[in-house]
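Below you'll find the structure, written out as C-alpha cells, and then a few comments.
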Amino acid sequence: MEPGKDQKIWQVVMAIPAGKVASYGQVAEMAGLGRQARYIGRALGKLPQGHAVPWYRVIRSNGQIAFPEGSEIYQEQVGRLEAEGVEVVNGRVAMRRFRWQ
DNA sequence: GTGATGACAGGGA
DNA sequence: ATCCCTGCCATCA
C-alpha cells in the first residue's frame with residue numbers, strides 16, 4: 001500500500017476543528033476512501049510517534065468511543081476530548097458531531 | 001492461493 | 001435501547 005493513503009487520512013483528521021469530532025465514515029468519505037471506514041482505524045494505528053494527528057476526535061457513527069470503556073487508550077481519548085471542551089458521558093460524546101457539507 | 005480479522009456502517013428484529 | 005447480520009476492503013496468518 002502506498003503511504004499516501006495514510007497521509008491523506010491524517011490530513012483529513014487534522015482538519016477536524018478543535019472541540020468537534022467526526023465519525024470514521026465521515027473521515028473515510030472526506031479522504032476519498034468511500035466506504036472504507038475500517039481503513040481509518042488501521043491508518044490511525046500506524047501513527048508514528050511525534051505525529052500531530054488528533055486521532056481522539058475520530059469516533060464511531062453512533063457517537064461512541066471506539067475503545068472498550070476503562071481501557072488506557074479510552075481514558076486518554078476522553079481526557080483529550082474533555083480538555084477541548086467535548087463532553088463525554090458513558091463512553092459517548094454528548095456534543096453534536098462535526099458536520100462537513 | 002484461501003480464510004479470518006478489524007479503532008466501521010447501516011439496516012432489521 | 002440491544003443484539004445480530006451483511007457489506008466493504010486492506011491486512012495478516
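By convention here, the chains of the C-alpha cells are called A, B, ... in the order presented, each chain's residues are numbered starting at 1, and ligands are numbered starting at 1 in the order presented.
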message: Taking 4 positions as the minimum chain separation for residues in the same chain, which residues sit within 12 Å of DC12 of chain C when counting only C-alpha atoms (C1' of nucleotides)? Answer as a ChimeraX atom specification.
response: /B:3-6
Using only C-alpha atoms (C1' of nucleotides), what does the table of chain C residues within 7 Å of chain A look like, with each row giving the shortest atom pair and its distance in Å to one decimal, sorted by chain and ascending number, as a tab-separated table?
```
residue	atom	partner	partner_atom	distance
C:DC8	C1'	A:Gln36	CA	6.3
C:DC9	C1'	A:Gln36	CA	6.4
C:DA10	C1'	A:Tyr39	CA	6.8
```
The selected residues should be written to file as a short mmCIF file (atom, residue, chain, number, x, y, z; two decimals), in the first residue's frame (atoms: N, CA and C atoms (P, O5', C5', C4', C3', O3' and C1' of nucleotides)).
```
data_model
loop_
_atom_site.label_atom_id
_atom_site.label_comp_id
_atom_site.auth_asym_id
_atom_site.auth_seq_id
_atom_site.Cartn_x
_atom_site.Cartn_y
_atom_site.Cartn_z
P DC C 8 -20.80 -4.60 -1.11
"O5'" DC C 8 -19.79 -3.42 -0.73
"C5'" DC C 8 -19.53 -3.14 0.61
"C4'" DC C 8 -18.24 -2.38 0.78
"C3'" DC C 8 -17.09 -2.93 -0.08
"O3'" DC C 8 -16.26 -1.88 -0.55
"C1'" DC C 8 -16.63 -3.24 2.24
P DC C 9 -15.33 -2.19 -1.81
"O5'" DC C 9 -13.93 -2.33 -1.08
"C5'" DC C 9 -13.50 -1.34 -0.15
"C4'" DC C 9 -12.29 -1.83 0.63
"C3'" DC C 9 -11.31 -2.68 -0.19
"O3'" DC C 9 -10.00 -2.33 0.19
"C1'" DC C 9 -11.88 -3.82 1.72
P DA C 10 -8.79 -2.46 -0.84
"O5'" DA C 10 -7.54 -2.39 0.15
"C5'" DA C 10 -7.38 -1.26 0.99
"C4'" DA C 10 -6.73 -1.67 2.30
"C3'" DA C 10 -5.38 -2.38 2.14
"O3'" DA C 10 -4.50 -1.95 3.16
"C1'" DA C 10 -6.90 -3.78 3.29
#
```
query: Mind checking DSSP for segment 1-98 of chain A and telling me the helix (DSSP H, G or I) residues as a PyMOL selection string?
result: chain A and resi 3-14+24-30+37-45+55-57+72-83
message: With only C-alpha atoms (C1' of nucleotides) considered, list every residue of chain B at most 8 Å from chain A, as a count of residues only.
response: 4
message: Give me the residues near DG11 of chain B as a ChimeraX atom specification, where near means some atom within 12 Å (using only C-alpha atoms (C1' of nucleotides)) and where sequence neighbours in that chain fewer than 5 positions away do not count.
response: /C:4-7
Residues from the last selection, C-alpha atoms (C1' of nucleotides), saved as a tab-separated table (two decimals), in the first residue's frame:
```tsv
chain	number	residue	atom	x	y	z
C	4	DC	C1'	-27.49	-9.89	15.08
C	5	DC	C1'	-26.30	-9.92	10.31
C	6	DT	C1'	-24.47	-8.10	5.90
C	7	DG	C1'	-21.39	-5.19	3.09
```
- request: Extract, using only C-alpha atoms (C1' of nucleotides), all DNA, RNA and protein residues at most 10 Å from Arg57 of chain A, discarding same-chain residues fewer than 6 positions from it, and format them as JSON, numbers by chain.
  value: {"A": [13, 14, 16, 17, 18, 19, 20, 21, 22, 23, 24, 65, 77, 78, 80, 81, 84, 86, 97, 98]}
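Between atom CA of Arg99 of chain A and atom CA of Gly79 of chain A the separation is 22.4 Å.
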task: Could you give me the residues within segment 3-98 of chain A that DSSP places in strand (DSSP E or B), as a list in words?
output: Ala22, Ser23, Val58, Ile59, Gln64, Val88, Val89, Arg92 and Val93 of chain A
Can I get the selection written as a PDB file, in the first residue's frame, with C-alpha atoms?
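Result written to out26.pdb:
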```pdb
ATOM      1  CA  ALA A  22     -16.035  13.205  13.284  1.00  0.00           C
ATOM      2  CA  SER A  23     -17.060   9.634  12.615  1.00  0.00           C
ATOM      3  CA  VAL A  58     -12.463  10.327  15.491  1.00  0.00           C
ATOM      4  CA  ILE A  59     -15.349   8.336  16.920  1.00  0.00           C
ATOM      5  CA  GLN A  64     -19.495   6.311  20.844  1.00  0.00           C
ATOM      6  CA  VAL A  88     -18.113  12.589  27.156  1.00  0.00           C
ATOM      7  CA  VAL A  89     -20.784  10.720  29.077  1.00  0.00           C
ATOM      8  CA  ARG A  92     -20.456   8.642  24.350  1.00  0.00           C
ATOM      9  CA  VAL A  93     -19.835  12.136  23.035  1.00  0.00           C
TER      10      VAL A  93
END
```
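A straight line drawn from atom CA of Met30 of chain A to atom CA of His51 of chain A is 20.1 Å long.
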- prompt: Which residues, written as a PyMOL selection string, have at least one atom at most 8 Å from Gln11 of chain A, with only C-alpha atoms (C1' of nucleotides) counted and residues fewer than 4 positions away on the same chain left out?
  reply: chain A and resi 7+15+53
Keeping only all heavy atoms, take the residues you just selected and write them out as a PDB file, in the first residue's frame.
```pdb
ATOM      1  N   GLN A   7      -1.369   9.151   4.827  1.00  0.00           N
ATOM      2  CA  GLN A   7      -1.082  10.574   4.984  1.00  0.00           C
ATOM      3  C   GLN A   7      -2.329  11.395   4.681  1.00  0.00           C
ATOM      4  O   GLN A   7      -2.613  12.379   5.360  1.00  0.00           O
ATOM      5  CB  GLN A   7       0.052  10.958   4.025  1.00  0.00           C
ATOM      6  CG  GLN A   7       0.591  12.350   4.313  1.00  0.00           C
ATOM      7  CD  GLN A   7       1.800  12.656   3.462  1.00  0.00           C
ATOM      8  OE1 GLN A   7       2.294  11.801   2.736  1.00  0.00           O
ATOM      9  NE2 GLN A   7       2.283  13.885   3.558  1.00  0.00           N
ATOM     10  N   ALA A  15      -7.824  18.100   9.952  1.00  0.00           N
ATOM     11  CA  ALA A  15      -8.695  19.197   9.509  1.00  0.00           C
ATOM     12  C   ALA A  15      -9.924  19.327  10.399  1.00  0.00           C
ATOM     13  O   ALA A  15     -10.704  20.255  10.247  1.00  0.00           O
ATOM     14  CB  ALA A  15      -9.118  18.954   8.060  1.00  0.00           C
ATOM     15  N   VAL A  53      -1.525  14.285  14.829  1.00  0.00           N
ATOM     16  CA  VAL A  53      -2.859  13.916  14.358  1.00  0.00           C
ATOM     17  C   VAL A  53      -3.817  13.710  15.542  1.00  0.00           C
ATOM     18  O   VAL A  53      -3.569  12.856  16.382  1.00  0.00           O
ATOM     19  CB  VAL A  53      -2.790  12.621  13.527  1.00  0.00           C
ATOM     20  CG1 VAL A  53      -4.172  12.268  13.013  1.00  0.00           C
ATOM     21  CG2 VAL A  53      -1.801  12.782  12.387  1.00  0.00           C
TER      22      VAL A  53
END
```
